[in-house]
$ cat run17.cif   # mmCIF, C-alpha atoms and all ligand atoms
data_my_file
loop_
_atom_site.group_PDB
_atom_site.id
_atom_site.type_symbol
_atom_site.label_atom_id
_atom_site.label_comp_id
_atom_site.auth_asym_id
_atom_site.auth_seq_id
_atom_site.Cartn_x
_atom_site.Cartn_y
_atom_site.Cartn_z
ATOM 1 C CA MET O 1 125.678 135.208 60.285
ATOM 2 C CA THR O 2 124.617 134.966 56.626
ATOM 3 C CA ARG O 3 125.430 131.865 54.624
ATOM 4 C CA ALA O 4 124.415 131.062 51.078
ATOM 5 C CA PRO O 5 122.559 127.754 50.655
ATOM 6 C CA GLU O 6 125.494 126.254 48.725
ATOM 7 C CA ASP O 7 127.737 126.669 51.784
ATOM 8 C CA GLN O 8 128.823 123.622 53.731
ATOM 9 C CA PRO O 9 126.608 122.706 56.700
ATOM 10 C CA LEU O 10 127.778 124.249 59.963
ATOM 11 C CA THR O 11 130.312 122.302 62.025
ATOM 12 C CA SER O 12 129.367 121.344 65.585
ATOM 13 C CA ASP O 13 131.643 124.142 66.870
ATOM 14 C CA GLU O 14 129.846 126.689 64.706
ATOM 15 C CA LEU O 15 126.462 125.388 65.854
ATOM 16 C CA ALA O 16 127.523 125.660 69.508
ATOM 17 C CA GLU O 17 128.779 129.195 68.956
ATOM 18 C CA ARG O 18 125.555 130.231 67.214
ATOM 19 C CA LYS O 19 123.511 128.845 70.128
ATOM 20 C CA MET O 20 125.733 130.625 72.658
ATOM 21 C CA ARG O 21 125.294 133.948 70.867
ATOM 22 C CA PHE O 22 121.527 133.423 70.624
ATOM 23 C CA LEU O 23 121.264 132.786 74.389
ATOM 24 C CA PHE O 24 123.593 135.670 75.183
ATOM 25 C CA SER O 25 121.438 138.115 73.220
ATOM 26 C CA LEU O 26 118.332 136.871 75.090
ATOM 27 C CA ARG O 27 120.021 137.381 78.474
ATOM 28 C CA SER O 28 121.300 140.823 77.540
ATOM 29 C CA ARG O 29 117.712 141.855 76.735
ATOM 30 C CA GLY O 30 116.380 140.744 80.101
ATOM 31 C CA VAL O 31 115.418 137.096 79.622
ATOM 32 C CA THR O 32 116.948 135.689 82.787
ATOM 33 C CA ASP O 33 114.524 132.957 83.925
ATOM 34 C CA ALA O 34 116.508 129.691 83.780
ATOM 35 C CA ARG O 35 113.528 127.542 82.746
ATOM 36 C CA VAL O 36 112.638 129.913 79.920
ATOM 37 C CA LEU O 37 116.247 130.000 78.686
ATOM 38 C CA THR O 38 116.449 126.186 78.776
ATOM 39 C CA ALA O 39 113.191 125.927 76.814
ATOM 40 C CA MET O 40 114.468 128.422 74.227
ATOM 41 C CA GLU O 41 117.746 126.556 73.962
ATOM 42 C CA LYS O 42 115.851 123.353 73.115
ATOM 43 C CA VAL O 43 113.599 124.776 70.381
ATOM 44 C CA ASP O 44 115.459 125.492 67.130
ATOM 45 C CA ARG O 45 113.982 128.726 65.713
ATOM 46 C CA GLY O 46 115.517 127.827 62.338
ATOM 47 C CA LEU O 47 112.803 125.178 61.840
ATOM 48 C CA PHE O 48 110.051 127.798 62.144
ATOM 49 C CA VAL O 49 111.400 130.262 59.565
ATOM 50 C CA ARG O 50 111.221 129.144 55.932
ATOM 51 C CA GLY O 51 112.551 130.541 52.676
ATOM 52 C CA THR O 52 114.565 133.700 52.140
ATOM 53 C CA PHE O 53 114.833 134.633 55.793
ATOM 54 C CA ALA O 54 115.796 131.208 57.151
ATOM 55 C CA ASP O 55 119.451 132.187 57.579
ATOM 56 C CA ARG O 56 118.463 135.057 59.891
ATOM 57 C CA ALA O 57 116.544 132.800 62.291
ATOM 58 C CA TYR O 58 119.159 133.156 65.045
ATOM 59 C CA GLU O 59 119.152 136.956 65.031
ATOM 60 C CA ASP O 60 117.023 138.889 67.497
ATOM 61 C CA MET O 61 114.512 140.230 64.998
ATOM 62 C CA PRO O 62 110.940 139.504 63.895
ATOM 63 C CA LEU O 63 110.804 137.831 60.457
ATOM 64 C CA PRO O 64 108.103 137.380 57.797
ATOM 65 C CA ILE O 65 106.225 134.072 57.653
ATOM 66 C CA ALA O 66 103.356 132.884 55.394
ATOM 67 C CA CYS O 67 99.987 134.714 55.147
ATOM 68 C CA GLY O 68 101.651 138.135 55.615
ATOM 69 C CA GLN O 69 102.291 137.445 59.322
ATOM 70 C CA THR O 70 105.493 137.527 61.407
ATOM 71 C CA ILE O 71 107.369 135.297 63.802
ATOM 72 C CA SER O 72 108.103 137.461 66.845
ATOM 73 C CA GLN O 73 111.540 138.622 67.929
ATOM 74 C CA PRO O 74 113.155 135.947 70.167
ATOM 75 C CA SER O 75 113.768 138.359 73.063
ATOM 76 C CA VAL O 76 110.088 139.388 73.014
ATOM 77 C CA VAL O 77 109.068 135.698 72.983
ATOM 78 C CA GLY O 78 111.383 135.185 75.982
ATOM 79 C CA LEU O 79 110.094 138.212 77.914
ATOM 80 C CA MET O 80 106.450 137.279 77.301
ATOM 81 C CA THR O 81 107.065 133.669 78.322
ATOM 82 C CA GLN O 82 108.883 134.856 81.436
ATOM 83 C CA ALA O 83 106.013 137.211 82.367
ATOM 84 C CA LEU O 84 103.540 134.329 81.973
ATOM 85 C CA GLN O 85 105.191 132.378 84.864
ATOM 86 C CA VAL O 86 104.144 128.988 83.482
ATOM 87 C CA ASN O 87 104.035 126.030 85.883
ATOM 88 C CA PRO O 88 104.508 122.399 84.798
ATOM 89 C CA ARG O 89 100.860 121.498 85.506
ATOM 90 C CA ASP O 90 99.394 124.456 83.608
ATOM 91 C CA THR O 91 97.041 124.437 80.647
ATOM 92 C CA VAL O 92 97.928 127.358 78.386
ATOM 93 C CA LEU O 93 96.013 129.039 75.564
ATOM 94 C CA GLU O 94 97.961 130.905 72.897
ATOM 95 C CA VAL O 95 96.063 133.182 70.503
ATOM 96 C CA GLY O 96 98.123 133.621 67.309
ATOM 97 C CA THR O 97 99.941 130.384 66.399
ATOM 98 C CA GLY O 98 101.824 132.022 63.523
ATOM 99 C CA SER O 99 104.917 129.881 62.903
ATOM 100 C CA GLY O 100 104.315 127.764 66.023
ATOM 101 C CA TYR O 101 107.592 128.877 67.644
ATOM 102 C CA GLN O 102 106.045 130.414 70.785
ATOM 103 C CA ALA O 103 103.774 127.371 71.247
ATOM 104 C CA ALA O 104 106.759 125.005 70.966
ATOM 105 C CA ILE O 105 108.497 126.907 73.775
ATOM 106 C CA LEU O 106 105.369 126.886 75.949
ATOM 107 C CA ALA O 107 105.105 123.129 75.370
ATOM 108 C CA GLN O 108 108.446 122.672 77.177
ATOM 109 C CA LEU O 109 107.077 124.448 80.263
ATOM 110 C CA ALA O 110 103.374 123.516 80.498
ATOM 111 C CA ARG O 111 101.338 120.336 80.706
ATOM 112 C CA ARG O 112 99.113 121.216 77.751
ATOM 113 C CA VAL O 113 99.097 123.981 75.144
ATOM 114 C CA TYR O 114 96.174 124.998 72.937
ATOM 115 C CA THR O 115 97.104 127.391 70.161
ATOM 116 C CA VAL O 116 94.712 129.025 67.704
ATOM 117 C CA ASP O 117 95.192 131.033 64.530
ATOM 118 C CA ARG O 118 92.725 132.528 62.072
ATOM 119 C CA TYR O 119 94.749 131.113 59.123
ATOM 120 C CA ARG O 120 94.188 127.376 58.500
ATOM 121 C CA ARG O 121 97.455 127.275 56.534
ATOM 122 C CA LEU O 122 99.522 128.458 59.508
ATOM 123 C CA VAL O 123 97.765 125.963 61.804
ATOM 124 C CA ARG O 124 98.442 123.136 59.314
ATOM 125 C CA GLU O 125 102.137 124.009 58.888
ATOM 126 C CA ALA O 126 102.713 124.487 62.614
ATOM 127 C CA SER O 127 100.947 121.180 63.389
ATOM 128 C CA GLY O 128 103.356 119.450 60.983
ATOM 129 C CA LEU O 129 106.305 120.865 62.901
ATOM 130 C CA PHE O 130 104.835 119.862 66.292
ATOM 131 C CA LEU O 131 104.477 116.302 64.975
ATOM 132 C CA GLN O 132 108.037 116.305 63.627
ATOM 133 C CA LEU O 133 109.331 117.559 67.004
ATOM 134 C CA ASP O 134 107.222 115.056 68.987
ATOM 135 C CA LEU O 135 105.417 117.873 70.815
ATOM 136 C CA ALA O 136 102.319 115.802 71.556
ATOM 137 C CA ASN O 137 101.042 118.199 74.243
ATOM 138 C CA ILE O 138 100.155 120.946 71.711
ATOM 139 C CA THR O 139 96.781 121.146 69.974
ATOM 140 C CA ALA O 140 96.580 123.701 67.152
ATOM 141 C CA ILE O 141 93.141 124.828 66.016
ATOM 142 C CA ALA O 142 91.955 127.193 63.258
ATOM 143 C CA ALA O 143 89.595 129.647 64.939
ATOM 144 C CA ASP O 144 89.034 133.294 65.783
ATOM 145 C CA GLY O 145 90.963 133.431 69.029
ATOM 146 C CA SER O 146 89.245 136.595 70.281
ATOM 147 C CA PHE O 147 86.551 134.250 71.553
ATOM 148 C CA GLY O 148 89.069 131.906 73.198
ATOM 149 C CA LEU O 149 88.271 128.195 73.305
ATOM 150 C CA PRO O 150 85.118 127.811 75.426
ATOM 151 C CA ASP O 151 85.249 123.986 75.234
ATOM 152 C CA GLN O 152 88.739 123.815 76.746
ATOM 153 C CA ALA O 153 88.381 126.726 79.201
ATOM 154 C CA PRO O 154 89.270 127.743 81.835
ATOM 155 C CA PHE O 155 93.014 128.238 81.377
ATOM 156 C CA ASP O 156 95.813 128.766 83.883
ATOM 157 C CA ARG O 157 97.649 130.998 81.435
ATOM 158 C CA ILE O 158 96.678 132.883 78.252
ATOM 159 C CA ILE O 159 99.128 134.523 75.872
ATOM 160 C CA VAL O 160 97.980 136.684 72.979
ATOM 161 C CA THR O 161 100.578 137.290 70.275
ATOM 162 C CA ALA O 162 98.580 139.814 68.212
ATOM 163 C CA ALA O 163 97.592 143.286 69.401
ATOM 164 C CA ALA O 164 94.066 143.950 70.656
ATOM 165 C CA GLU O 165 92.522 147.344 71.399
ATOM 166 C CA ASP O 166 91.605 145.987 74.836
ATOM 167 C CA PRO O 167 92.115 142.579 76.431
ATOM 168 C CA PRO O 168 89.227 140.600 74.824
ATOM 169 C CA GLY O 169 86.349 139.960 77.270
ATOM 170 C CA PRO O 170 85.927 136.250 76.408
ATOM 171 C CA LEU O 171 89.633 135.657 77.139
ATOM 172 C CA LEU O 172 89.388 137.374 80.537
ATOM 173 C CA ALA O 173 86.359 135.199 81.281
ATOM 174 C CA GLN O 174 88.299 132.027 80.381
ATOM 175 C CA LEU O 175 91.157 132.765 82.807
ATOM 176 C CA LYS O 176 91.150 130.799 86.089
ATOM 177 C CA PRO O 177 91.305 132.715 89.388
ATOM 178 C CA GLY O 178 95.035 133.165 90.047
ATOM 179 C CA GLY O 179 95.585 132.879 86.287
ATOM 180 C CA ILE O 180 97.815 135.171 84.228
ATOM 181 C CA MET O 181 97.283 136.616 80.752
ATOM 182 C CA VAL O 182 99.891 138.473 78.712
ATOM 183 C CA VAL O 183 98.547 140.573 75.840
ATOM 184 C CA PRO O 184 99.811 143.433 73.646
ATOM 185 C CA VAL O 185 97.260 146.249 73.775
ATOM 186 C CA GLY O 186 96.952 149.278 71.490
ATOM 187 C CA GLN O 187 96.106 150.459 67.985
ATOM 188 C CA SER O 188 97.913 148.504 65.289
ATOM 189 C CA ASP O 189 99.973 151.364 63.829
ATOM 190 C CA THR O 190 100.887 153.124 67.029
ATOM 191 C CA VAL O 191 102.945 151.970 69.964
ATOM 192 C CA GLN O 192 101.394 149.097 71.817
ATOM 193 C CA SER O 193 101.982 148.095 75.417
ATOM 194 C CA LEU O 194 102.507 144.602 76.669
ATOM 195 C CA ILE O 195 100.041 144.113 79.527
ATOM 196 C CA LYS O 196 100.075 141.450 82.219
ATOM 197 C CA VAL O 197 96.642 140.681 83.647
ATOM 198 C CA VAL O 198 96.261 138.662 86.860
ATOM 199 C CA ARG O 199 92.833 137.335 87.781
ATOM 200 C CA THR O 200 92.304 137.756 91.508
ATOM 201 C CA GLU O 201 89.372 136.562 93.645
ATOM 202 C CA ARG O 202 87.840 140.028 93.316
ATOM 203 C CA GLY O 203 88.632 141.011 89.724
ATOM 204 C CA PHE O 204 91.647 141.717 87.531
ATOM 205 C CA ASP O 205 94.970 143.435 88.218
ATOM 206 C CA TYR O 206 96.689 145.079 85.251
ATOM 207 C CA GLU O 207 100.402 145.810 84.908
ATOM 208 C CA GLU O 208 102.051 147.530 81.955
ATOM 209 C CA LEU O 209 105.319 145.767 81.091
ATOM 210 C CA ARG O 210 106.926 147.410 78.048
ATOM 211 C CA PRO O 211 106.256 148.868 74.603
ATOM 212 C CA VAL O 212 105.950 146.244 71.833
ATOM 213 C CA ARG O 213 104.835 146.020 68.219
ATOM 214 C CA PHE O 214 102.626 143.161 67.014
ATOM 215 C CA VAL O 215 100.379 142.511 64.015
ATOM 216 C CA PRO O 216 96.733 143.266 64.905
ATOM 217 C CA LEU O 217 94.186 140.800 66.201
ATOM 218 C CA VAL O 218 91.738 140.500 63.305
ATOM 219 C CA GLU O 219 88.166 139.203 63.460
ATOM 220 C CA GLY O 220 87.040 136.050 61.657
ATOM 221 C CA LEU O 221 88.914 133.303 59.808
ATOM 222 C CA GLY O 222 91.569 134.203 57.188
ATOM 223 C CA ALA O 223 91.320 133.331 53.486
ATOM 224 C CA GLU O 224 94.145 130.756 53.392
HETATM 225 N N1 LIG Z 1 103.183 133.481 68.097
HETATM 226 C C1 LIG Z 1 103.592 133.465 66.713
HETATM 227 C C2 LIG Z 1 103.613 134.846 66.076
HETATM 228 C C3 LIG Z 1 102.245 135.355 65.896
HETATM 229 S S1 LIG Z 1 101.976 136.582 64.674
HETATM 230 C C4 LIG Z 1 104.923 132.771 66.525
HETATM 231 O O1 LIG Z 1 105.506 132.289 67.513
HETATM 232 O O2 LIG Z 1 105.360 132.666 65.381
HETATM 233 C C5 LIG Z 1 100.276 136.863 65.071
HETATM 234 C C6 LIG Z 1 99.332 135.783 64.616
HETATM 235 O O3 LIG Z 1 98.050 136.092 65.147
HETATM 236 C C7 LIG Z 1 99.175 135.697 63.115
HETATM 237 O O4 LIG Z 1 99.507 134.425 62.658
HETATM 238 C C8 LIG Z 1 97.692 136.008 62.887
HETATM 239 O O5 LIG Z 1 97.108 135.247 61.851
HETATM 240 C C9 LIG Z 1 97.095 135.637 64.222
HETATM 241 N N2 LIG Z 1 95.807 136.265 64.520
HETATM 242 C C10 LIG Z 1 95.408 137.550 64.320
HETATM 243 N N3 LIG Z 1 94.134 137.709 64.719
HETATM 244 C C11 LIG Z 1 93.710 136.509 65.191
HETATM 245 C C12 LIG Z 1 92.487 136.040 65.744
HETATM 246 N N4 LIG Z 1 91.416 136.824 65.907
HETATM 247 N N5 LIG Z 1 92.409 134.743 66.114
HETATM 248 C C13 LIG Z 1 93.468 133.910 65.956
HETATM 249 N N6 LIG Z 1 94.649 134.304 65.446
HETATM 250 C C14 LIG Z 1 94.770 135.586 65.064
#

$ encode --input "run17.cif" --output "structure tokens"
Amino acid sequence: MTRAPEDQPLTSDELAERKMRFLFSLRSRGVTDARVLTAMEKVDRGLFVRGTFADRAYEDMPLPIACGQTISQPSVVGLMTQALQVNPRDTVLEVGTGSGYQAAILAQLARRVYTVDRYRRLVREASGLFLQLDLANITAIAADGSFGLPDQAPFDRIIVTAAAEDPPGPLLAQLKPGGIMVVPVGQSDTVQSLIKVVRTERGFDYEELRPVRFVPLVEGLGAE
């Protein structure tokens, strides 16, 4: 639905219908976990998309955000969150804060969420939203996430929302035994695969979930 800014605010019926359609499109793309759907119902994606594209926030598409990055497609956020199998007592690391939308959803499901981005500006803007939404269990940090967060490790769950050529070694090392990591793997311009890694007592099990397309994991801090 596209509305010009001068339009009247949506009525409560229109808001309810928009939410219903949003949840329906998630379900039809395979997001069926009830806890994930409830979390996604609670977090208003419209708050995480600013400017020109704000009125498309409820459509199932990735959208541009600041620093030349993107907020992921809602169904991909749902499928990744579902694959992560987050428990209420878990400590989760997200690499790639971006808009903060994925972290806000994880915060509904986990005890504690650490999220890192290489752009200070994105971390600052997302932190403002977490404060506004009273999401006190999220800590956002500007850092190169390929190295994880050694001071807060180990983690029960790790989610990487930028594509790496291989699952980064430091992140594997910071996963608890029994822990799960979800990471898009592949060259930036070609098709990437979403991989689920489970740390077992003996090593790591890898499962390929589906093709995806993410911005690349880039070394070092960004300019902004
Ligand atoms: N999860 C985000 C979308 C992430 S887009 C959301 O819900 O909106 C991918 C993000 O990964 C970008 O913001 C980019 O700056 C960040 N990124 C890329 N390489 C990184 C690195 N090495 N360390 C931390 N963040 C990185």

$ closest_residue --input "run17.cif" --among "O:Ala153, O:Ala162, O:Leu135, O:Val197" --to "Arg213 (chain O)" --atoms "only C-alpha atoms"
O:Ala162

$ resolve_selection --input "run17.cif" --expression "the PyMOL selection byres (((chain O and resi 167-184) around 8) and not hetatm)" --output "PDB file with C-alpha atoms, in the coordinates of the input"
ATOM      1  CA  MET O  80     106.450 137.279  77.301  1.00  0.00           C
ATOM      2  CA  ALA O  83     106.013 137.211  82.367  1.00  0.00           C
ATOM      3  CA  LEU O  84     103.540 134.329  81.973  1.00  0.00           C
ATOM      4  CA  GLN O  85     105.191 132.378  84.864  1.00  0.00           C
ATOM      5  CA  SER O 146      89.245 136.595  70.281  1.00  0.00           C
ATOM      6  CA  PHE O 147      86.551 134.250  71.553  1.00  0.00           C
ATOM      7  CA  GLY O 148      89.069 131.906  73.198  1.00  0.00           C
ATOM      8  CA  PRO O 150      85.118 127.811  75.426  1.00  0.00           C
ATOM      9  CA  ALA O 153      88.381 126.726  79.201  1.00  0.00           C
ATOM     10  CA  PRO O 154      89.270 127.743  81.835  1.00  0.00           C
ATOM     11  CA  PHE O 155      93.014 128.238  81.377  1.00  0.00           C
ATOM     12  CA  ASP O 156      95.813 128.766  83.883  1.00  0.00           C
ATOM     13  CA  ARG O 157      97.649 130.998  81.435  1.00  0.00           C
ATOM     14  CA  ILE O 158      96.678 132.883  78.252  1.00  0.00           C
ATOM     15  CA  ILE O 159      99.128 134.523  75.872  1.00  0.00           C
ATOM     16  CA  VAL O 160      97.980 136.684  72.979  1.00  0.00           C
ATOM     17  CA  THR O 161     100.578 137.290  70.275  1.00  0.00           C
ATOM     18  CA  ALA O 162      98.580 139.814  68.212  1.00  0.00           C
ATOM     19  CA  ALA O 163      97.592 143.286  69.401  1.00  0.00           C
ATOM     20  CA  ALA O 164      94.066 143.950  70.656  1.00  0.00           C
ATOM     21  CA  GLU O 165      92.522 147.344  71.399  1.00  0.00           C
ATOM     22  CA  ASP O 166      91.605 145.987  74.836  1.00  0.00           C
ATOM     23  CA  VAL O 185      97.260 146.249  73.775  1.00  0.00           C
ATOM     24  CA  GLY O 186      96.952 149.278  71.490  1.00  0.00           C
ATOM     25  CA  GLN O 192     101.394 149.097  71.817  1.00  0.00           C
ATOM     26  CA  SER O 193     101.982 148.095  75.417  1.00  0.00           C
ATOM     27  CA  LEU O 194     102.507 144.602  76.669  1.00  0.00           C
ATOM     28  CA  ILE O 195     100.041 144.113  79.527  1.00  0.00           C
ATOM     29  CA  LYS O 196     100.075 141.450  82.219  1.00  0.00           C
ATOM     30  CA  VAL O 197      96.642 140.681  83.647  1.00  0.00           C
ATOM     31  CA  VAL O 198      96.261 138.662  86.860  1.00  0.00           C
ATOM     32  CA  ARG O 199      92.833 137.335  87.781  1.00  0.00           C
ATOM     33  CA  THR O 200      92.304 137.756  91.508  1.00  0.00           C
ATOM     34  CA  GLU O 201      89.372 136.562  93.645  1.00  0.00           C
ATOM     35  CA  VAL O 212     105.950 146.244  71.833  1.00  0.00           C
ATOM     36  CA  ARG O 213     104.835 146.020  68.219  1.00  0.00           C
ATOM     37  CA  PHE O 214     102.626 143.161  67.014  1.00  0.00           C
TER      38      PHE O 214
END

$ closest_residue --input "run17.cif" --among "O:Leu149, O:Ala223, O:Val191, O:Ile71" --to "ligand LIG 1 (chain Z)" --atoms "all atoms listed in the file"
O:Ile71

$ closest_residue --input "run17.cif" --among "O:Ala16, O:Leu109, O:Val123, O:Val218" --to "ligand LIG 1 (chain Z)" --atoms "only C-alpha atoms and all ligand atoms"
O:Val218

$ residues_around --input "run17.cif" --residues "Glu219 (chain O)" --least-positions-apart "4" --cutoff "9 Å" --atoms "all atoms listed in the file" --output "list in words"
Arg118, Asp144, Gly145 and Ser146 of chain O

$ resolve_selection --input "run17.cif" --expression "the PyMOL selection byres (((chain O and resi 68) around 12) and not hetatm)" --output "PDB file with C-alpha atoms, in the coordinates of the input"
ATOM      1  CA  LEU O  63     110.804 137.831  60.457  1.00  0.00           C
ATOM      2  CA  PRO O  64     108.103 137.380  57.797  1.00  0.00           C
ATOM      3  CA  ILE O  65     106.225 134.072  57.653  1.00  0.00           C
ATOM      4  CA  ALA O  66     103.356 132.884  55.394  1.00  0.00           C
ATOM      5  CA  CYS O  67      99.987 134.714  55.147  1.00  0.00           C
ATOM      6  CA  GLN O  69     102.291 137.445  59.322  1.00  0.00           C
ATOM      7  CA  THR O  70     105.493 137.527  61.407  1.00  0.00           C
ATOM      8  CA  ILE O  71     107.369 135.297  63.802  1.00  0.00           C
ATOM      9  CA  GLY O  98     101.824 132.022  63.523  1.00  0.00           C
ATOM     10  CA  SER O  99     104.917 129.881  62.903  1.00  0.00           C
ATOM     11  CA  TYR O 119      94.749 131.113  59.123  1.00  0.00           C
ATOM     12  CA  ARG O 121      97.455 127.275  56.534  1.00  0.00           C
ATOM     13  CA  LEU O 122      99.522 128.458  59.508  1.00  0.00           C
ATOM     14  CA  VAL O 215     100.379 142.511  64.015  1.00  0.00           C
ATOM     15  CA  PRO O 216      96.733 143.266  64.905  1.00  0.00           C
ATOM     16  CA  GLY O 222      91.569 134.203  57.188  1.00  0.00           C
ATOM     17  CA  ALA O 223      91.320 133.331  53.486  1.00  0.00           C
ATOM     18  CA  GLU O 224      94.145 130.756  53.392  1.00  0.00           C
TER      19      GLU O 224
END

$ closest_residue --input "run17.cif" --among "O:Asp151, O:Glu41, O:Asp117, O:Asp205" --to "ligand LIG 1 (chain Z)" --atoms "all atoms listed in the file"
O:Asp117

$ residues_around --input "run17.cif" --residues "Met61 (chain O)" --least-positions-apart "4" --cutoff "8 Å" --atoms "all atoms listed in the file" --output "PyMOL selection string"
chain O and resi 72-74

$ axis_aligned_box --input "run17.cif" --around "ligand LIG 1 (chain Z)" --padding-each-side "5 Å" --output "lines of an AutoDock Vina configuration file"
center_x = 98.5
center_y = 135.0
center_z = 65.0
size_x = 24.1
size_y = 15.4
size_z = 16.2
